[in-house]
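Engineer: File query_8.tsv below, TSV, C-alpha atoms and all ligand atoms:
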```tsv
chain	number	residue	atom	x	y	z
A	1	MET	CA	10.69	87.07	-28.29
A	2	PRO	CA	9.74	89.83	-30.75
A	3	ALA	CA	10.71	93.41	-29.91
A	4	ASP	CA	8.40	95.83	-28.07
A	5	GLY	CA	8.06	98.01	-31.16
A	6	ASP	CA	6.76	95.05	-33.17
A	7	LEU	CA	4.30	94.33	-30.42
A	8	ALA	CA	2.98	97.90	-30.31
A	9	GLU	CA	2.60	97.93	-34.07
A	10	ALA	CA	0.82	94.57	-34.09
A	11	ALA	CA	-1.52	95.79	-31.34
A	12	SER	CA	-2.46	98.79	-33.43
A	13	VAL	CA	-3.02	96.58	-36.50
A	14	LEU	CA	-5.41	94.50	-34.36
A	15	ARG	CA	-7.25	97.56	-33.06
A	16	THR	CA	-7.77	98.90	-36.56
A	17	GLY	CA	-9.28	95.75	-38.02
A	18	GLY	CA	-6.20	93.87	-39.27
A	19	LEU	CA	-5.14	90.25	-38.84
A	20	VAL	CA	-2.20	89.38	-36.60
A	21	ALA	CA	-0.83	85.86	-36.20
A	22	PHE	CA	0.69	85.37	-32.76
A	23	PRO	CA	2.13	82.57	-30.63
A	24	THR	CA	0.19	81.03	-27.77
A	25	GLU	CA	1.30	78.14	-25.57
A	26	THR	CA	-0.78	75.76	-27.72
A	27	VAL	CA	-0.51	76.72	-31.39
A	28	TYR	CA	-0.22	80.01	-33.31
A	29	GLY	CA	-3.49	81.95	-33.47
A	30	LEU	CA	-4.83	84.16	-36.24
A	31	GLY	CA	-6.10	87.14	-34.30
A	32	ALA	CA	-8.62	89.88	-35.01
A	33	ASN	CA	-10.45	92.42	-32.85
A	34	ALA	CA	-13.36	90.38	-31.44
A	35	LEU	CA	-15.51	93.51	-31.14
A	36	ASP	CA	-15.24	94.20	-34.88
A	37	ALA	CA	-17.47	92.08	-37.11
A	38	ARG	CA	-15.58	93.02	-40.29
A	39	ALA	CA	-12.24	92.06	-38.77
A	40	ALA	CA	-13.70	88.73	-37.65
A	41	ALA	CA	-15.05	88.17	-41.16
A	42	ARG	CA	-11.51	88.53	-42.49
A	43	ILE	CA	-10.45	85.55	-40.34
A	44	PHE	CA	-13.03	83.30	-42.01
A	45	GLU	CA	-11.87	84.53	-45.41
A	46	ALA	CA	-8.15	84.08	-44.74
A	47	LYS	CA	-8.61	80.55	-43.42
A	48	ALA	CA	-11.31	79.53	-45.94
A	49	ARG	CA	-13.18	78.58	-42.79
A	50	PRO	CA	-16.86	77.72	-42.99
A	51	SER	CA	-18.99	80.40	-41.33
A	52	PHE	CA	-20.61	77.80	-39.05
A	53	ASP	CA	-17.33	77.20	-37.20
A	54	PRO	CA	-17.18	79.64	-34.25
A	55	LEU	CA	-14.00	81.36	-33.02
A	56	ILE	CA	-12.36	81.39	-29.59
A	57	THR	CA	-12.10	84.81	-27.93
A	58	HIS	CA	-8.78	85.44	-26.14
A	59	LEU	CA	-8.35	87.68	-23.10
A	60	ALA	CA	-5.17	89.08	-21.56
A	61	ASP	CA	-6.18	88.32	-18.02
A	62	ALA	CA	-8.71	86.13	-16.19
A	63	ALA	CA	-10.06	89.26	-14.49
A	64	ASP	CA	-11.20	90.53	-17.91
A	65	LEU	CA	-13.80	87.76	-18.14
A	66	GLU	CA	-16.18	89.36	-15.72
A	67	SER	CA	-15.98	92.79	-17.34
A	68	LEU	CA	-16.76	91.23	-20.74
A	69	VAL	CA	-19.32	88.60	-19.80
A	70	GLY	CA	-20.55	89.43	-16.30
A	71	ALA	CA	-21.04	86.68	-13.74
A	72	VAL	CA	-20.46	83.10	-14.92
A	73	PRO	CA	-21.64	79.82	-13.33
A	74	PRO	CA	-19.51	78.81	-10.30
A	75	ALA	CA	-18.09	75.71	-12.03
A	76	VAL	CA	-16.90	77.84	-14.95
A	77	ALA	CA	-15.37	80.39	-12.58
A	78	ALA	CA	-13.60	77.62	-10.65
A	79	LEU	CA	-12.01	76.21	-13.80
A	80	ALA	CA	-10.92	79.67	-14.96
A	81	ALA	CA	-9.43	80.39	-11.53
A	82	ARG	CA	-7.49	77.13	-11.53
A	83	PHE	CA	-6.32	76.84	-15.15
A	84	TRP	CA	-6.03	80.38	-16.58
A	85	PRO	CA	-3.73	81.43	-18.02
A	86	GLY	CA	-3.55	78.04	-19.70
A	87	PRO	CA	-4.69	75.67	-22.44
A	88	LEU	CA	-8.34	75.53	-21.38
A	89	THR	CA	-11.20	77.09	-23.35
A	90	LEU	CA	-14.48	77.63	-21.52
A	91	ILE	CA	-17.99	78.11	-22.88
A	92	VAL	CA	-19.94	81.11	-21.58
A	93	ASP	CA	-22.95	83.12	-22.76
A	94	ARG	CA	-22.10	85.45	-25.63
A	95	PRO	CA	-22.12	89.03	-24.41
A	96	ALA	CA	-23.93	91.61	-26.56
A	97	MET	CA	-20.62	93.38	-27.26
A	98	ILE	CA	-19.33	90.41	-29.23
A	99	PRO	CA	-20.80	90.38	-32.75
A	100	PRO	CA	-22.59	87.12	-33.67
A	101	ILE	CA	-20.16	86.36	-36.52
A	102	VAL	CA	-17.51	85.56	-33.88
A	103	THR	CA	-19.66	82.77	-32.43
A	104	SER	CA	-21.20	81.76	-35.77
A	105	GLY	CA	-24.55	82.90	-34.45
A	106	LEU	CA	-24.39	80.75	-31.31
A	107	ALA	CA	-25.75	82.17	-28.07
A	108	THR	CA	-22.55	80.94	-26.43
A	109	MET	CA	-18.94	82.04	-26.75
A	110	ALA	CA	-15.69	80.12	-26.32
A	111	VAL	CA	-13.09	82.06	-24.33
A	112	ARG	CA	-9.60	81.56	-22.90
A	113	VAL	CA	-6.55	83.32	-21.47
A	114	PRO	CA	-3.42	81.98	-23.19
A	115	ASP	CA	-0.37	81.12	-21.09
A	116	ASN	CA	2.08	82.93	-23.30
A	117	GLU	CA	3.59	86.16	-22.08
A	118	TYR	CA	3.82	87.60	-25.53
A	119	ALA	CA	0.23	86.77	-26.48
A	120	ARG	CA	-1.07	88.34	-23.29
A	121	ARG	CA	1.01	91.49	-23.74
A	122	LEU	CA	-0.27	91.78	-27.30
A	123	ILE	CA	-3.92	91.43	-26.25
A	124	ALA	CA	-3.45	93.86	-23.37
A	125	ALA	CA	-1.78	96.40	-25.67
A	126	ALA	CA	-4.58	96.05	-28.22
A	127	GLY	CA	-7.05	96.78	-25.43
A	128	VAL	CA	-9.73	94.57	-26.99
A	129	PRO	CA	-10.66	90.89	-26.76
A	130	VAL	CA	-9.02	88.97	-29.61
A	131	ALA	CA	-10.84	86.34	-31.66
A	132	ALA	CA	-8.31	83.78	-32.82
A	133	PRO	CA	-8.60	80.36	-34.39
A	134	SER	CA	-5.48	78.37	-35.14
A	135	ALA	CA	-3.53	80.17	-37.88
A	136	ASN	CA	-3.85	77.52	-40.57
A	137	ARG	CA	-6.18	77.01	-43.52
A	138	PHE	CA	-9.33	75.16	-42.50
A	139	GLY	CA	-8.83	71.42	-41.98
A	140	GLN	CA	-5.04	71.54	-42.29
A	141	LEU	CA	-2.28	71.08	-39.73
A	142	SER	CA	-2.15	73.62	-36.93
A	143	PRO	CA	0.95	75.85	-36.88
A	144	THR	CA	3.42	75.50	-34.02
A	145	ARG	CA	6.01	77.84	-35.56
A	146	ALA	CA	5.80	81.24	-37.26
A	147	GLU	CA	7.11	79.75	-40.51
A	148	HIS	CA	4.15	77.32	-40.60
A	149	VAL	CA	1.84	80.36	-40.56
A	150	VAL	CA	3.76	82.12	-43.30
A	151	ARG	CA	3.78	78.99	-45.46
A	152	GLY	CA	0.07	78.28	-44.90
A	153	LEU	CA	-1.55	81.71	-44.94
A	154	GLY	CA	1.08	84.00	-46.49
A	155	ALA	CA	-0.24	87.36	-47.64
A	156	ALA	CA	-3.66	86.82	-46.07
A	157	VAL	CA	-2.15	87.88	-42.72
A	158	ASP	CA	-1.08	91.47	-42.03
A	159	VAL	CA	1.51	90.67	-39.34
A	160	VAL	CA	3.09	87.40	-38.19
A	161	LEU	CA	4.76	87.62	-34.78
A	162	ASP	CA	7.49	85.06	-34.24
A	163	GLY	CA	7.67	83.78	-30.69
A	164	GLY	CA	9.49	80.57	-31.51
A	165	PRO	CA	7.99	77.07	-31.27
A	166	THR	CA	4.89	76.77	-29.08
A	167	ARG	CA	5.21	74.92	-25.76
A	168	CYS	CA	2.21	72.55	-25.82
A	169	GLY	CA	2.00	71.97	-29.57
A	170	ILE	CA	-1.68	71.02	-29.66
A	171	GLU	CA	-4.82	73.10	-29.18
A	172	SER	CA	-6.58	73.92	-25.92
A	173	THR	CA	-9.07	71.59	-24.28
A	174	ILE	CA	-12.61	72.96	-24.73
A	175	VAL	CA	-15.06	72.45	-21.85
A	176	ASP	CA	-18.67	73.40	-21.37
A	177	ALA	CA	-19.02	73.53	-17.58
A	178	ARG	CA	-22.33	75.38	-17.46
A	179	GLY	CA	-24.42	72.29	-16.81
A	180	GLU	CA	-24.53	69.76	-14.03
A	181	ARG	CA	-21.74	67.60	-15.44
A	182	PRO	CA	-18.99	69.31	-17.48
A	183	VAL	CA	-18.69	68.23	-21.10
A	184	VAL	CA	-15.36	68.12	-22.93
A	185	LEU	CA	-16.09	69.34	-26.46
A	186	ARG	CA	-12.51	68.94	-27.69
A	187	LEU	CA	-9.65	66.98	-26.16
A	188	GLY	CA	-6.57	69.16	-25.95
A	189	ALA	CA	-3.43	70.22	-24.16
A	190	LEU	CA	-5.01	70.21	-20.69
A	191	PRO	CA	-5.39	66.51	-19.81
A	192	VAL	CA	-8.86	65.30	-18.79
A	193	GLU	CA	-7.36	63.85	-15.60
A	194	GLU	CA	-6.27	67.34	-14.45
A	195	LEU	CA	-9.63	68.82	-15.37
A	196	GLU	CA	-11.46	66.18	-13.33
A	197	GLN	CA	-9.46	67.04	-10.23
A	198	VAL	CA	-11.25	70.39	-10.20
A	199	ALA	CA	-14.48	69.72	-12.09
A	200	GLY	CA	-15.28	66.18	-10.96
A	201	PRO	CA	-16.18	63.51	-13.54
A	202	VAL	CA	-16.67	64.89	-17.05
A	203	THR	CA	-18.36	63.60	-20.17
A	204	ILE	CA	-16.26	63.46	-23.32
A	205	ARG	CA	-18.28	64.37	-26.36
A	206	PRO	CA	-16.76	62.73	-29.42
A	207	GLY	CA	-18.74	65.03	-31.74
A	208	SER	CA	-17.78	62.94	-34.72
A	209	SER	CA	-21.23	62.71	-36.27
A	210	GLY	CA	-24.19	64.93	-36.91
A	211	GLN	CA	-24.06	68.69	-36.40
A	212	PRO	CA	-20.79	69.19	-34.53
A	213	VAL	CA	-20.80	71.31	-31.39
A	214	ALA	CA	-17.12	72.12	-31.86
A	215	PRO	CA	-16.23	71.74	-35.52
A	216	GLY	CA	-12.57	71.31	-34.55
A	217	THR	CA	-13.99	67.95	-33.65
A	218	LEU	CA	-15.14	67.15	-37.18
A	219	ALA	CA	-14.13	63.56	-37.91
A	220	ALA	CA	-11.85	64.74	-40.69
A	221	HIS	CA	-9.52	67.51	-39.54
A	222	TYR	CA	-5.91	68.42	-38.71
A	223	ALA	CA	-4.71	66.73	-41.86
A	224	PRO	CA	-1.30	66.88	-43.53
A	225	ARG	CA	-1.28	67.20	-47.33
A	226	THR	CA	0.17	63.69	-47.53
A	227	PRO	CA	-2.27	60.80	-47.01
A	228	LEU	CA	-1.95	59.51	-43.47
A	229	ARG	CA	-2.97	56.20	-41.97
A	230	LEU	CA	-2.61	54.70	-38.54
A	231	SER	CA	-0.14	51.85	-38.30
A	232	THR	CA	-1.66	48.49	-37.57
A	233	ALA	CA	0.16	45.20	-37.08
A	234	GLY	CA	0.89	43.48	-40.36
A	235	ALA	CA	0.36	46.47	-42.64
A	236	THR	CA	1.69	45.67	-46.08
A	237	ASP	CA	4.03	47.65	-48.30
A	238	SER	CA	2.06	49.94	-50.60
A	239	GLY	CA	4.97	50.52	-53.00
A	240	VAL	CA	5.19	54.29	-52.45
A	241	ARG	CA	7.94	56.12	-50.53
A	242	ARG	CA	6.60	56.29	-47.04
A	243	GLY	CA	7.24	58.33	-43.94
A	244	TYR	CA	6.78	57.02	-40.40
A	245	LEU	CA	5.61	58.90	-37.32
A	246	ALA	CA	6.78	56.98	-34.26
A	247	PHE	CA	6.08	57.56	-30.58
A	248	ARG	CA	9.39	56.52	-28.98
A	249	ASP	CA	11.16	53.80	-30.95
A	250	ARG	CA	12.51	54.04	-34.48
A	251	PRO	CA	10.66	51.58	-36.69
A	252	VAL	CA	12.36	48.73	-38.50
A	253	GLY	CA	12.05	48.54	-42.25
A	254	ASP	CA	12.50	50.79	-45.20
A	255	TRP	CA	11.19	54.28	-44.51
A	256	ALA	CA	12.06	57.34	-46.59
A	257	ALA	CA	11.61	59.57	-43.52
A	258	VAL	CA	11.12	58.92	-39.83
A	259	GLU	CA	10.01	61.26	-37.05
A	260	VAL	CA	10.20	60.13	-33.43
A	261	LEU	CA	7.90	62.16	-31.16
A	262	SER	CA	9.71	61.43	-27.90
A	263	ALA	CA	12.66	59.07	-27.52
A	264	ALA	CA	12.10	59.31	-23.77
A	265	GLY	CA	8.49	58.20	-24.16
A	266	ASP	CA	7.20	61.47	-22.70
A	267	LEU	CA	3.64	62.33	-23.77
A	268	THR	CA	3.99	66.06	-23.16
A	269	GLU	CA	7.03	66.14	-25.42
A	270	ALA	CA	5.18	64.03	-28.00
A	271	ALA	CA	2.26	66.49	-28.03
A	272	ALA	CA	4.60	69.44	-28.35
A	273	ARG	CA	6.25	67.85	-31.39
A	274	LEU	CA	3.21	66.31	-33.12
A	275	PHE	CA	2.24	68.98	-35.63
A	276	GLU	CA	5.84	69.98	-36.22
A	277	ALA	CA	6.71	66.37	-37.08
A	278	LEU	CA	3.73	66.13	-39.44
A	279	HIS	CA	4.68	69.44	-41.09
A	280	ARG	CA	8.19	68.01	-41.63
A	281	LEU	CA	6.99	64.67	-43.00
A	282	ASP	CA	4.70	66.58	-45.35
A	283	ALA	CA	7.68	68.57	-46.60
A	284	THR	CA	9.70	65.43	-47.48
A	285	GLY	CA	7.35	64.65	-50.35
A	286	VAL	CA	6.66	61.05	-49.26
A	287	GLY	CA	3.56	59.46	-50.79
A	288	GLU	CA	2.13	58.29	-47.50
A	289	ILE	CA	2.56	58.83	-43.77
A	290	VAL	CA	2.13	55.90	-41.41
A	291	ALA	CA	1.50	57.06	-37.86
A	292	GLU	CA	1.71	55.19	-34.61
A	293	SER	CA	-0.75	55.85	-31.78
A	294	VAL	CA	0.66	56.92	-28.41
A	295	PRO	CA	-0.42	55.64	-24.97
A	296	ASP	CA	-4.04	56.74	-24.50
A	297	THR	CA	-3.62	58.60	-21.23
A	298	GLY	CA	-3.14	62.24	-20.19
A	299	VAL	CA	-2.36	64.48	-23.15
A	300	GLY	CA	-1.82	61.28	-25.17
A	301	ARG	CA	-5.57	61.10	-25.65
A	302	ALA	CA	-5.56	64.44	-27.44
A	303	VAL	CA	-2.61	63.31	-29.60
A	304	ASN	CA	-4.45	60.12	-30.62
A	305	ASP	CA	-7.57	62.17	-31.30
A	306	ARG	CA	-5.60	64.37	-33.76
A	307	LEU	CA	-4.06	61.32	-35.45
A	308	ARG	CA	-7.44	59.59	-35.87
A	309	ARG	CA	-8.94	62.73	-37.42
A	310	ALA	CA	-6.01	63.17	-39.78
A	311	ALA	CA	-6.39	59.53	-40.86
A	312	ALA	CA	-10.17	59.98	-41.26
A	313	THR	CA	-9.57	62.85	-43.67
A	314	TRP	CA	-7.69	60.50	-45.94
A	315	SER	CA	-9.91	57.47	-45.60
A	316	SER	CA	-12.95	59.63	-46.45
A	317	GLY	CA	-11.42	60.40	-49.84
A	318	HIS	CA	-10.65	64.03	-49.03
A	401	LIG	O1	-5.45	76.34	-28.47
A	401	LIG	C1	-6.38	76.88	-29.06
A	401	LIG	O2	-7.56	76.79	-28.68
A	401	LIG	C2	-6.04	77.68	-30.32
A	401	LIG	C3	-5.26	78.92	-29.91
A	401	LIG	C4	-4.98	79.84	-31.06
A	401	LIG	O3	-5.92	79.56	-28.87
A	401	LIG	N1	-7.22	78.03	-31.04
A	401	LIG	C5	-7.96	77.12	-31.72
A	401	LIG	O4	-9.01	77.68	-32.43
A	401	LIG	O5	-7.74	75.93	-31.71
A	401	LIG	P1	-9.79	76.88	-33.58
A	401	LIG	O6	-10.67	77.89	-34.21
A	401	LIG	O7	-8.86	76.18	-34.46
A	401	LIG	O8	-10.70	75.92	-32.79
A	401	LIG	C6	-11.73	76.46	-32.02
A	401	LIG	C7	-12.75	75.44	-31.72
A	401	LIG	C8	-13.56	75.09	-32.93
A	401	LIG	O9	-13.65	73.70	-33.05
A	401	LIG	C9	-14.91	75.71	-32.62
A	401	LIG	O10	-15.94	75.02	-33.20
A	401	LIG	C10	-14.96	75.66	-31.12
A	401	LIG	O11	-13.66	76.00	-30.76
A	401	LIG	N2	-15.88	76.64	-30.56
A	401	LIG	C11	-15.80	77.96	-30.66
A	401	LIG	N3	-16.86	78.55	-30.08
A	401	LIG	C12	-17.64	77.56	-29.60
A	401	LIG	C13	-18.88	77.52	-28.91
A	401	LIG	N4	-19.55	78.63	-28.60
A	401	LIG	N5	-19.38	76.31	-28.58
A	401	LIG	C14	-18.72	75.18	-28.89
A	401	LIG	N6	-17.55	75.16	-29.56
A	401	LIG	C15	-17.02	76.33	-29.92
A	402	MG	MG	-8.01	74.88	-35.72
```
As a first step, turn the structure in this file into structure tokens.
Structural biologist:
Amino acid sequence: MPADGDLAEAASVLRTGGLVAFPTETVYGLGANALDARAAARIFEAKARPSFDPLITHLADAADLESLVGAVPPAVAALAARFWPGPLTLIVDRPAMIPPIVTSGLATMAVRVPDNEYARRLIAAAGVPVAAPSANRFGQLSPTRAEHVVRGLGAAVDVVLDGGPTRCGIESTIVDARGERPVVLRLGALPVEELEQVAGPVTIRPGSSGQPVAPGTLAAHYAPRTPLRLSTAGATDSGVRRGYLAFRDRPVGDWAAVEVLSAAGDLTEAAARLFEALHRLDATGVGEIVAESVPDTGVGRAVNDRLRRAAATWSSGH
């Protein structure tokens, strides 16, 4: 946990238009004052993020939602009450205070309260809502450790706060609960099954074609630098040094590097370790990563979603 002095300094950097990378329970975020259009513009620049990809606004406390946005639909309020602080992002109307660049011109805004003590203290100390995408360059692996941020973004960030490895390891679940039936725009750390206990049956929007509603759901995304493909029975040897990403069992055969996500077969642990394992396989310099899917239930669905998108990046000749 970083020291209080670091936190106060980072809060003042945020307030005055700077960029601060900070830990959340999901992944590290690249934060800027969400009320400041120029600060938000710096996020897009630092990440090389296309301007059509809107940011998530982070609040210190669920009670801050009403002061920023006013009343929200009852279903949205119910989800916030149940899951905030936590890895759930909700869609609301964009308030006039938030400059359009934050939402890429959309009339709606994505918002969440992170379940990370340090993140919430930072946002509260800054005294402003904080726009923060994942602190990686666009399309690349999300950072789950401060050193991933430093390696990926370097001097483009004014301050990197180190809060250790993030607990969930994958991004928040994004839900639009304004309509009759809630729509999941991005699978994430909050499992759909838990969401449905509060929201009733939801629709899962794959968003893999056409104009994406949540560009984090672009077919090609979350990719390591090394080409990645999903393991299928009978895959043949391609002749290059290969790394293997396993769910629970070490693979047989000749692998230059192996990462096991959870020897206990625990999906929450697997999610927490996913990006870290991919960062590590990337660093070994193997020519290819072969990844195994995990059981497609609970947070496992979000893990498989990330793996499919990483593989799509490489099969689309990226
Ligand atoms: O866990 C997380 O959500 C992390 C941490 C830092 O909070 N943040 C994160 O941000 O994953 P980012 O920018 O990597 O992904 C945000 C996603 C994007 O896919 C974006 O398109 C979507 O949220 N989004 C933002 N505003 C939206 C809106 N108004 N409607 C639909 N999707 C939106
Ligand atoms: Mg991202």
Engineer: Go through A:Leu7, A:Ala71, A:Ala189, A:Ala96 one by one, measure the shortest atom-to-atom distance of each to ligand LIG 401 (chain A) using only C-alpha atoms and all ligand atoms, and give the residue with the smallest value.
Structural biologist: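 Counting only C-alpha atoms and all ligand atoms, the residue closest to ligand LIG 401 (chain A) is A:Ala189.
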Engineer: What gap, in Å, lies between atom CA of Ala10 of chain A and atom CA of Ala156 of chain A?
Structural biologist: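 Distance reported for this atom pair: 15.0 Å.
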Engineer: Extending 5 Å beyond the listed atoms of ligand LIG 401 (chain A) on each side, what axis-aligned box results? I want centre and edge lengths in Å to one decimal, as JSON.
Structural biologist:
```
{"center_x": -12.3, "center_y": 76.8, "center_z": -31.5, "size_x": 24.6, "size_y": 16.1, "size_z": 16.0}
```
Engineer: Produce as a ChimeraX atom specification the set of residues near ligand MG 402 (chain A), where near means within 9 Å with all atoms listed in the file considered.
Structural biologist: /A:27,29,133-142,171,215-216,221-222
Engineer: Store the residues of this selection in a file with C-alpha atoms, as an mmCIF file, keeping the file's coordinate frame.
Structural biologist:
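Below is the file that was written, again.cif:
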```
data_model
loop_
_atom_site.group_PDB
_atom_site.id
_atom_site.type_symbol
_atom_site.label_atom_id
_atom_site.label_comp_id
_atom_site.auth_asym_id
_atom_site.auth_seq_id
_atom_site.Cartn_x
_atom_site.Cartn_y
_atom_site.Cartn_z
ATOM 1 C CA VAL A 27 -0.510 76.720 -31.390
ATOM 2 C CA GLY A 29 -3.490 81.950 -33.470
ATOM 3 C CA PRO A 133 -8.600 80.360 -34.390
ATOM 4 C CA SER A 134 -5.480 78.370 -35.140
ATOM 5 C CA ALA A 135 -3.530 80.170 -37.880
ATOM 6 C CA ASN A 136 -3.850 77.520 -40.570
ATOM 7 C CA ARG A 137 -6.180 77.010 -43.520
ATOM 8 C CA PHE A 138 -9.330 75.160 -42.500
ATOM 9 C CA GLY A 139 -8.830 71.420 -41.980
ATOM 10 C CA GLN A 140 -5.040 71.540 -42.290
ATOM 11 C CA LEU A 141 -2.280 71.080 -39.730
ATOM 12 C CA SER A 142 -2.150 73.620 -36.930
ATOM 13 C CA GLU A 171 -4.820 73.100 -29.180
ATOM 14 C CA PRO A 215 -16.230 71.740 -35.520
ATOM 15 C CA GLY A 216 -12.570 71.310 -34.550
ATOM 16 C CA HIS A 221 -9.520 67.510 -39.540
ATOM 17 C CA TYR A 222 -5.910 68.420 -38.710
#
```
Engineer: Anything within 10 Å of (-18.5, 90.3, -19.6): list those residues as an MDAnalysis selection string, counting all atoms listed in the file and sticking to the file's coordinates.
Structural biologist: chainID A and resid 63:72 92:98
Engineer: Write a file of the just-selected residues containing C-alpha atoms, as a short mmCIF file (atom, residue, chain, number, x, y, z; two decimals), keeping the file's coordinate frame.
Structural biologist:
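part-v5.cif, written as the output of this step:
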```
data_model
loop_
_atom_site.label_atom_id
_atom_site.label_comp_id
_atom_site.auth_asym_id
_atom_site.auth_seq_id
_atom_site.Cartn_x
_atom_site.Cartn_y
_atom_site.Cartn_z
CA ALA A 63 -10.06 89.26 -14.49
CA ASP A 64 -11.20 90.53 -17.91
CA LEU A 65 -13.80 87.76 -18.14
CA GLU A 66 -16.18 89.36 -15.72
CA SER A 67 -15.98 92.79 -17.34
CA LEU A 68 -16.76 91.23 -20.74
CA VAL A 69 -19.32 88.60 -19.80
CA GLY A 70 -20.55 89.43 -16.30
CA ALA A 71 -21.04 86.68 -13.74
CA VAL A 72 -20.46 83.10 -14.92
CA VAL A 92 -19.94 81.11 -21.58
CA ASP A 93 -22.95 83.12 -22.76
CA ARG A 94 -22.10 85.45 -25.63
CA PRO A 95 -22.12 89.03 -24.41
CA ALA A 96 -23.93 91.61 -26.56
CA MET A 97 -20.62 93.38 -27.26
CA ILE A 98 -19.33 90.41 -29.23
#
```
Engineer: With distances taken over all atoms listed in the file, which residue among A:Arg167, A:Leu245, A:Leu161, A:Lys47 lies nearest Glu9 of chain A?
Structural biologist: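 Smallest separation from Glu9 of chain A among the options: A:Leu161.
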Engineer: Distance atom CA of Arg38 of chain A-atom CA of Ala110 of chain A, one decimal place?
Structural biologist: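 Distance reported for this atom pair: 19.0 Å.
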Engineer: Using only C-alpha atoms, which of the listed residues (A:Leu267, A:Ala272, A:Ala199, A:Val159) sits closest to Pro2 of chain A?
Structural biologist: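 Closest to Pro2 of chain A, using only C-alpha atoms: A:Val159.
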Engineer: Between A:Leu228, A:Leu307, A:Val294, A:Ala302, which has the minimum distance to Val260 of chain A (counting all atoms listed in the file)?
Structural biologist: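 For Val260 of chain A, the nearest of the given residues is A:Val294.
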Engineer: For segment 99-103 of chain A, please output as a VMD selection string all residues within 12 Å (counting only C-alpha atoms; exclusion window: fewer than 2 positions along the same chain).
Structural biologist: chain A and resid 31 to 44 50 to 58 91 to 97 105 to 111 129 to 133 213 to 215
Engineer: Would you mind reading off the distance between atom CA of Asp266 of chain A and atom CA of Gly164 of chain A, one decimal, in Å?
Structural biologist: 21.2 Å
Engineer: Of the candidates A:Ala125, A:Ala264, A:Cys168, A:Val150, which one gets nearest to Asp249 of chain A if we count all atoms listed in the file?
Structural biologist: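 Ranked by minimum distance to Asp249 of chain A, first place goes to A:Ala264.
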Engineer: So that I can see what lies close to Thr24 of chain A, please list as a PDB file with C-alpha atoms, keeping the file's coordinate frame the residues with an atom at most 7 Å from it, counting only C-alpha atoms and leaving out residues fewer than 2 positions away in the same chain.
Structural biologist:
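This is the output file result_22.pdb:
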```pdb
ATOM      1  CA  PHE A  22       0.690  85.370 -32.760  1.00  0.00           C
ATOM      2  CA  THR A  26      -0.780  75.760 -27.720  1.00  0.00           C
ATOM      3  CA  VAL A  27      -0.510  76.720 -31.390  1.00  0.00           C
ATOM      4  CA  TYR A  28      -0.220  80.010 -33.310  1.00  0.00           C
ATOM      5  CA  GLY A  29      -3.490  81.950 -33.470  1.00  0.00           C
ATOM      6  CA  PRO A 114      -3.420  81.980 -23.190  1.00  0.00           C
ATOM      7  CA  ASP A 115      -0.370  81.120 -21.090  1.00  0.00           C
ATOM      8  CA  ASN A 116       2.080  82.930 -23.300  1.00  0.00           C
ATOM      9  CA  ALA A 119       0.230  86.770 -26.480  1.00  0.00           C
ATOM     10  CA  THR A 166       4.890  76.770 -29.080  1.00  0.00           C
TER      11      THR A 166
END
```
Engineer: With only C-alpha atoms counted, which protein, DNA or RNA residues have an atom no more than 7 Å from (7.8, 63.1, -34.8) in the file frame? Please answer as a VMD selection string.
Structural biologist: chain A and resid 245 to 246 259 to 261 273 to 274 277 to 278
Engineer: Restricting it to C-alpha atoms, dump the selection as a compact mmCIF listing (two decimals), in the frame of the given file.
Structural biologist:
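Result written to part_33.txt:
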```txt
# COMPACT_ATOMS: atom_id res chain seq x y z
CA LEU A 245 5.61 58.90 -37.32
CA ALA A 246 6.78 56.98 -34.26
CA GLU A 259 10.01 61.26 -37.05
CA VAL A 260 10.20 60.13 -33.43
CA LEU A 261 7.90 62.16 -31.16
CA ARG A 273 6.25 67.85 -31.39
CA LEU A 274 3.21 66.31 -33.12
CA ALA A 277 6.71 66.37 -37.08
CA LEU A 278 3.73 66.13 -39.44
```
Engineer: Select, from A:Glu269, A:Asp282, A:Asp176, A:Glu196, the residue with the minimum atom-to-atom distance to ligand LIG 401 (chain A), counting only C-alpha atoms and all ligand atoms.
Structural biologist: A:Asp176
